[in-house]
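Q: I am attaching a structure below and will ask some questions about it afterwards.
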Protein chains: 2
Amino acid sequence: MHNISITQTKNNKQKPKDEALVFGRQFTDHMFLMDYKEGEGWYDARIVPYQPLEMDPAAMIFHYGQTVFEGLKAYRTKDDTIQLFRPEENVKRLNRSNARMCIPEVDEDIALEAIKTLVDLDRDWVPHKEGTSLYIRPFVIATEPYLGVSASKTYTFMIILSPVGAYYDAGIDPVKIAVENDYIRAVKGGTGEAKTAGNYAGSMIAQENVAKKGYAQVLWLDGHEKKYIEEVGSMNVFFKIDGKVITPHLSGSILPGVTRKSVIQLLMDWGIEVQERPILLSEVLTAHANGLLEEAFGSGTAAVISPIGELFYNETSYVINNHQTGALSKRVYDTLTGIQYGTIVDPHDWIVKVNPK
Amino acid sequence: MHNISITQTKNNKQKPKDEALVFGRQFTDHMFLMDYKEGEGWYDARIVPYQPLEMDPAAMIFHYGQTVFEGLKAYRTKDDTIQLFRPEENVKRLNRSNARMCIPEVDEDIALEAIKTLVDLDRDWVPHKEGTSLYIRPFVIATEPYLGVSASKTYTFMIILSPVGAYYDAGIDPVKIAVENDYIRAVKGGTGEAKTAGNYAGSMIAQENVAKKGYAQVLWLDGHEKKYIEEVGSMNVFFKIDGKVITPHLSGSILPGVTRKSVIQLLMDWGIEVQERPILLSEVLTAHANGLLEEAFGSGTAAVISPIGELFYNETSYVINNHQTGALSKRVYDTLTGIQYGTIVDPHDWIVKVNPK
């Protein structure tokens with residue numbers, strides 16, 4: 001048990017109705033903070049009422065973007081257990097991102113306990129309606145007021161919580177995506193495999209451009225040759241071709257998704273061949289031409305599984321599985337969400353219960 | 001004349017002694033702010049005492065890094081004129097960076113007037129000692145409290161000022177640099193030509209690695225083939241080979257430096273051939289082997305000119321100009337700083353005086 005001080009709010013906010021929930025706009029009554037100073041390490045782990053931060057305008061986060069974040073969810077089961085899905089994976093990835101961004105490592109036990117303690121304190125904020133959840137956002141920001149380009153000597157690690165609505169209102173719904181030809185999300189040697197702000201800031205312009213043309217997401221190609229498929233929007237991507245499932249290997253520019261890792265495990269459990277390897281866009285298009293591209297989907301914490309119903313490239317629309325959610329996509333989605341909400345058995349001990357009563 | 005409200009501080013800070021100045025750690029009495037809201041545009045241009053910002057922990061700057069910045073300096077001449085060097089170039093680049101990062105354009109006249117008004121108010125902070133200056137940091141941050149990955153609907157544009165010491169204590173001093181083989185600063189299609197936080201956050205690890213080996217800066221290669229030279233540290237780079245000067249062309253991954261542009265103009269004024277084109281690292285090494293690599297230097301606002309005395313690549317050290325500052329490097333440095341401090345004539349109207357009395 002680590003020492004996390006707790007200052008409870010005296011003014012509980014009004015909770016939004018489950019029906020009115022959106023993504024990422026409302027926050028709970030409390031937040032977690034822990035500070036770092038060079039020479040002292042991390043100190044003052046504390047939970048306080050959700051409140052504004054006081055930041056020096058010269059704080060390095062505003063200038064050089066040294067920051068990492070994570071995203072995971074807490075789910076309410078039918079018997080009102082609150083549970084997390086593989087939170088230790090997020091905490092490990094936080095530290096891999098920290099290493100890339102020259103941010104000091106966070107003690108993984110403390111981070112995990114901080115998540116559980118904060119969620120437990122605000123457990124009434126975990127919504128009840130099917131498909132809803134409490135989004136958990138751990139993040140680290142560089143706080144030293146200094147304009148030199150070098151790693152900050154002070155940081156704050158924070159966790160905030162946001163109740164979120166169901167991603168799909170009426171069953172999962174395939175999206176149309178467009179191949180991005182101009183902008184690049186990441187290259188090997190860059191920051192693509194770290195969960196850091198710059199990757200997201202740099203991708204917004206491509207997302208805005210395809211949205212204007214009616215596409216939901218960008219299909220990112222590699223930055224070297226623009227031939228290989230990397231990610232879709234801010235999700236990992238899978239293709240079912242002739243009975244096998246293929247997903248880009250973790251080449252150094254791709255985010256190692258927790259949902260991605262879980263999808264691969266489930267497919268293996270089911271005896272379905274999964275290949276993690278470079279995937280040429282042309283291979284996918286050839287499979288489509290030959291009638292072998294059976295399904296395609298993105299995977300991520302927000303949507304869990306997002307089937308791809310149409311792929312746009314070079315003025316051509318390639319329809320996948322007649323714009324329908326494929327049987328395998330549906331099976332993966334139902335299994336993952338079933339495990340998350342506690343309606344089906346959890347064969348890999350992925351679930352961590354929050355202070356079960 | 002735009003409407004900038006001014007609230008003066010009641011507690012002037014003690015100014016540091018010119019001899020004790022460092023870079024980017026002390027800030028003046030005031031700062032400029034202007035807010036943006038979707039549908040309203042930019043509003044409430046104001047100068048207030050330098051003070052902490054109140055930021056929601058969910059503000060998008062902390063999560064998705066949507067931000068741009070600029071850097072320029074105010075110089076004190078011998079007759080106590082305070083003057084800027086090509087500030088309209090910085091303001092134009094700010095807007096080019098804004099466009100790439102999906103941030104709304106700032107009115108360039110207002111931005112320029114904000115810089116001048118703020119510097120004028122804090123003009124006693126412009127230090128007197130040779131080589132010192134007042135560093136000016138305009139920046140824009142995304143402030144909307146929202147965890148969705150999309151462009152923020154609110155922003156703050158700010159300017160802060162920091163008195164800085166001379167970059168060179170005892171004449172300009174050549175540095176040792178090392179070619180970076182693993183990490184990539186930027187690729188075409190990424191954010192390299194925008195002045196945005198993520199470029200700097202991603203480069204810190206490479207800088208830390210070479211510093212441990214005794215090198216001052218990283219020489220960045222292109223992200224596609226790792227064959228072409230891009231930048232040195234956070235500066236543009238020039239090579240004098242067999243009487244001609246070569247600098248990487250603005251390929252889309254390189255920051256379009258104001259100092260770079262000014263160096264090119266001076267060289268042209270002097271009748272020296274300048275080539276802006278792709279430069280193979282191998283070309284530079286071959287020139288070195290043939291005794292034709294006469295000089296190399298970085299260019300940027302902080303150092304103006306930073307001569308390169310040694311280049312490390314593949315376990316080999318290539319000494320340039322016997323570790324001495326070359327005649328051309330010195331001439332460029334003396335001319336640019338002479339124009340900036342008003343000791344030599346300014347043939348291109350690069351100087352903008354701040355409220356001359």
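Chain labels run A, B, ... following the order of the structure tokens; each chain numbers its residues from 1, and ligands are numbered from 1 in the order shown.
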For chain A versus chain B, which residues have an atom no more than 7 Å away, and what is each residue's nearest atom pair and distance in Å rounded to one decimal, using only C-alpha atoms, chain-then-number order, as a Markdown table?

A:
```
| residue | atom | partner | partner_atom | distance |
| --- | --- | --- | --- | --- |
| A:Phe23 | CA | B:Gly148 | CA | 6.8 |
| A:Gly24 | CA | B:Leu147 | CA | 4.6 |
| A:Arg25 | CA | B:Tyr146 | CA | 5.1 |
| A:Gln51 | CA | B:Asp56 | CA | 6.9 |
| A:Pro52 | CA | B:Asp56 | CA | 4.5 |
| A:Leu53 | CA | B:Met55 | CA | 5.1 |
| A:Glu54 | CA | B:Glu54 | CA | 4.9 |
| A:Met55 | CA | B:Leu53 | CA | 5.1 |
| A:Asp56 | CA | B:Pro52 | CA | 4.5 |
| A:Pro57 | CA | B:Pro52 | CA | 6.1 |
| A:Phe62 | CA | B:Ile141 | CA | 6.8 |
| A:His63 | CA | B:Ala197 | CA | 5.5 |
| A:Tyr64 | CA | B:Ala197 | CA | 4.0 |
| A:Gly65 | CA | B:Ala197 | CA | 4.6 |
| A:Gln66 | CA | B:Ala201 | CA | 5.0 |
| A:Phe69 | CA | B:His63 | CA | 6.8 |
| A:Arg100 | CA | B:Ile205 | CA | 6.7 |
| A:Met101 | CA | B:Gly202 | CA | 6.4 |
| A:Cys102 | CA | B:Ile205 | CA | 6.0 |
| A:Ile141 | CA | B:Phe62 | CA | 6.8 |
| A:Pro145 | CA | B:Arg25 | CA | 6.8 |
| A:Tyr146 | CA | B:Arg25 | CA | 5.1 |
| A:Leu147 | CA | B:Gly24 | CA | 4.6 |
| A:Gly148 | CA | B:Gly24 | CA | 6.1 |
| A:Ser150 | CA | B:Met204 | CA | 6.1 |
| A:Ala151 | CA | B:Met204 | CA | 6.6 |
| A:Asp182 | CA | B:Gly189 | CA | 5.7 |
| A:Tyr183 | CA | B:Gly189 | CA | 4.0 |
| A:Ile184 | CA | B:Gly189 | CA | 4.8 |
| A:Arg185 | CA | B:Gly190 | CA | 6.5 |
| A:Gly189 | CA | B:Tyr183 | CA | 4.0 |
| A:Gly190 | CA | B:Ile184 | CA | 5.1 |
| A:Thr191 | CA | B:Gly202 | CA | 6.0 |
| A:Ala197 | CA | B:Tyr64 | CA | 4.0 |
| A:Gly198 | CA | B:Gly198 | CA | 4.1 |
| A:Tyr200 | CA | B:Tyr64 | CA | 5.3 |
| A:Ala201 | CA | B:Gln66 | CA | 4.9 |
| A:Gly202 | CA | B:Thr191 | CA | 6.0 |
| A:Met204 | CA | B:Ser150 | CA | 6.1 |
| A:Ile205 | CA | B:Cys102 | CA | 6.0 |
| A:His224 | CA | B:His224 | CA | 4.7 |
```

Q: For the structure I just gave you, how does DSSP split stretch 73-277 of chain A - specifically, which residues are strand (DSSP E or B)? Reply as a ChimeraX atom specification.

A: /A:73-76,82-85,133-142,145,154-164,175-179,217-221,228-232,235-241,244-247,274-276

Q: For B:Ile264, list every protein, DNA or RNA residue within 10 Å, evaluated using only C-alpha atoms, and leave out those in the same chain fewer than 3 positions away; present the list as a list in words.

A: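 Near B:Ile264, the qualifying residues are Phe238, Val245, Ile246, Thr247, Thr259, Arg260, Lys261, Leu267, Met268, Asp269, Trp270, Ile272, Glu273, Val274, Gln275, Glu276 and Val332 of chain B.
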
Q: Please produce an output containing N, CA, C and O atoms for each residue in the selection, written as a CSV table (one decimal), in the first residue's frame.

A:
```csv
chain,number,residue,atom,x,y,z
B,238,PHE,N,24.8,24.8,-43.0
B,238,PHE,CA,25.4,25.3,-44.3
B,238,PHE,C,26.8,24.6,-44.4
B,238,PHE,O,27.5,24.5,-43.4
B,245,VAL,N,28.6,27.7,-51.3
B,245,VAL,CA,27.9,27.4,-50.1
B,245,VAL,C,26.7,26.6,-50.4
B,245,VAL,O,25.9,26.9,-51.3
B,246,ILE,N,26.5,25.5,-49.7
B,246,ILE,CA,25.3,24.6,-49.9
B,246,ILE,C,24.5,24.4,-48.7
B,246,ILE,O,25.1,24.3,-47.6
B,247,THR,N,23.2,24.5,-48.8
B,247,THR,CA,22.3,24.3,-47.6
B,247,THR,C,21.1,23.5,-48.1
B,247,THR,O,20.7,23.6,-49.2
B,259,THR,N,17.0,33.1,-39.8
B,259,THR,CA,18.5,33.3,-39.9
B,259,THR,C,19.0,32.7,-41.2
B,259,THR,O,19.8,33.3,-41.9
B,260,ARG,N,18.5,31.5,-41.5
B,260,ARG,CA,18.9,30.8,-42.7
B,260,ARG,C,18.6,31.7,-44.0
B,260,ARG,O,19.5,31.9,-44.8
B,261,LYS,N,17.4,32.2,-44.0
B,261,LYS,CA,17.0,33.1,-45.1
B,261,LYS,C,17.9,34.3,-45.2
B,261,LYS,O,18.3,34.7,-46.3
B,267,LEU,N,25.0,36.1,-48.5
B,267,LEU,CA,26.0,35.4,-49.4
B,267,LEU,C,25.7,35.9,-50.8
B,267,LEU,O,26.7,36.1,-51.6
B,268,MET,N,24.5,36.0,-51.2
B,268,MET,CA,24.2,36.4,-52.5
B,268,MET,C,24.6,37.9,-52.7
B,268,MET,O,25.2,38.2,-53.8
B,269,ASP,N,24.4,38.7,-51.7
B,269,ASP,CA,24.9,40.1,-51.8
B,269,ASP,C,26.4,40.1,-52.1
B,269,ASP,O,26.9,41.0,-52.7
B,270,TRP,N,27.1,39.2,-51.5
B,270,TRP,CA,28.6,39.2,-51.6
B,270,TRP,C,29.1,38.4,-52.8
B,270,TRP,O,30.3,38.2,-53.0
B,272,ILE,N,28.7,35.3,-53.6
B,272,ILE,CA,29.1,33.9,-53.3
B,272,ILE,C,27.9,33.0,-53.8
B,272,ILE,O,26.8,33.2,-53.5
B,273,GLU,N,28.3,32.0,-54.5
B,273,GLU,CA,27.3,31.0,-55.0
B,273,GLU,C,26.7,30.2,-53.9
B,273,GLU,O,27.4,29.6,-53.1
B,274,VAL,N,25.3,30.3,-53.8
B,274,VAL,CA,24.6,29.5,-52.8
B,274,VAL,C,23.7,28.5,-53.5
B,274,VAL,O,22.9,28.9,-54.4
B,275,GLN,N,23.8,27.3,-53.1
B,275,GLN,CA,22.9,26.2,-53.6
B,275,GLN,C,22.0,25.7,-52.5
B,275,GLN,O,22.4,25.2,-51.5
B,276,GLU,N,20.7,25.8,-52.8
B,276,GLU,CA,19.7,25.2,-51.9
B,276,GLU,C,19.2,23.9,-52.6
B,276,GLU,O,18.5,24.0,-53.6
B,332,VAL,N,29.8,36.2,-41.9
B,332,VAL,CA,28.3,36.2,-41.7
B,332,VAL,C,27.9,36.5,-40.3
B,332,VAL,O,27.0,37.4,-40.1
```

Q: Just the residues within 6 Å of stretch 82-89 of chain B, please, counting only C-alpha atoms, with nothing from its chain fewer than 3 positions along; format it as a list in words.

A: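 Skipping anything fewer than 3 positions along the chain leaves Ala74, Tyr75, Arg76, Lys92, Trp350, Ile351, Val352, Lys353 and Val354 of chain B.
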
Q: Keeping only N, CA, C and O atoms, take the residues you just selected and write them out as an mmCIF file, in the first residue's frame.

A:
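Output contents, as saved in again-v1.cif:
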```cif
data_model
loop_
_atom_site.group_PDB
_atom_site.id
_atom_site.type_symbol
_atom_site.label_atom_id
_atom_site.label_comp_id
_atom_site.auth_asym_id
_atom_site.auth_seq_id
_atom_site.Cartn_x
_atom_site.Cartn_y
_atom_site.Cartn_z
ATOM 1 N N ALA B 74 14.969 41.036 -29.181
ATOM 2 C CA ALA B 74 15.096 42.504 -29.222
ATOM 3 C C ALA B 74 16.514 42.853 -28.783
ATOM 4 O O ALA B 74 17.039 42.249 -27.841
ATOM 5 N N TYR B 75 17.129 43.804 -29.517
ATOM 6 C CA TYR B 75 18.518 44.177 -29.280
ATOM 7 C C TYR B 75 18.589 45.640 -28.858
ATOM 8 O O TYR B 75 17.826 46.473 -29.350
ATOM 9 N N ARG B 76 19.530 45.956 -27.962
ATOM 10 C CA ARG B 76 19.754 47.339 -27.544
ATOM 11 C C ARG B 76 20.972 47.878 -28.284
ATOM 12 O O ARG B 76 22.042 47.279 -28.248
ATOM 13 N N LYS B 92 4.784 35.672 -39.939
ATOM 14 C CA LYS B 92 4.315 34.902 -41.099
ATOM 15 C C LYS B 92 4.502 33.407 -40.875
ATOM 16 O O LYS B 92 3.649 32.597 -41.212
ATOM 17 N N TRP B 350 15.913 45.129 -42.633
ATOM 18 C CA TRP B 350 15.554 44.007 -41.774
ATOM 19 C C TRP B 350 15.194 44.469 -40.355
ATOM 20 O O TRP B 350 14.518 43.757 -39.622
ATOM 21 N N ILE B 351 15.658 45.650 -39.991
ATOM 22 C CA ILE B 351 15.491 46.127 -38.617
ATOM 23 C C ILE B 351 14.167 46.876 -38.457
ATOM 24 O O ILE B 351 13.803 47.689 -39.298
ATOM 25 N N VAL B 352 13.468 46.561 -37.378
ATOM 26 C CA VAL B 352 12.251 47.282 -37.001
ATOM 27 C C VAL B 352 12.497 47.877 -35.618
ATOM 28 O O VAL B 352 12.727 47.143 -34.658
ATOM 29 N N LYS B 353 12.471 49.184 -35.539
ATOM 30 C CA LYS B 353 12.717 49.837 -34.243
ATOM 31 C C LYS B 353 11.457 49.817 -33.396
ATOM 32 O O LYS B 353 10.344 49.940 -33.902
ATOM 33 N N VAL B 354 11.634 49.651 -32.099
ATOM 34 C CA VAL B 354 10.507 49.623 -31.174
ATOM 35 C C VAL B 354 10.300 51.016 -30.591
ATOM 36 O O VAL B 354 11.148 51.491 -29.825
#
```
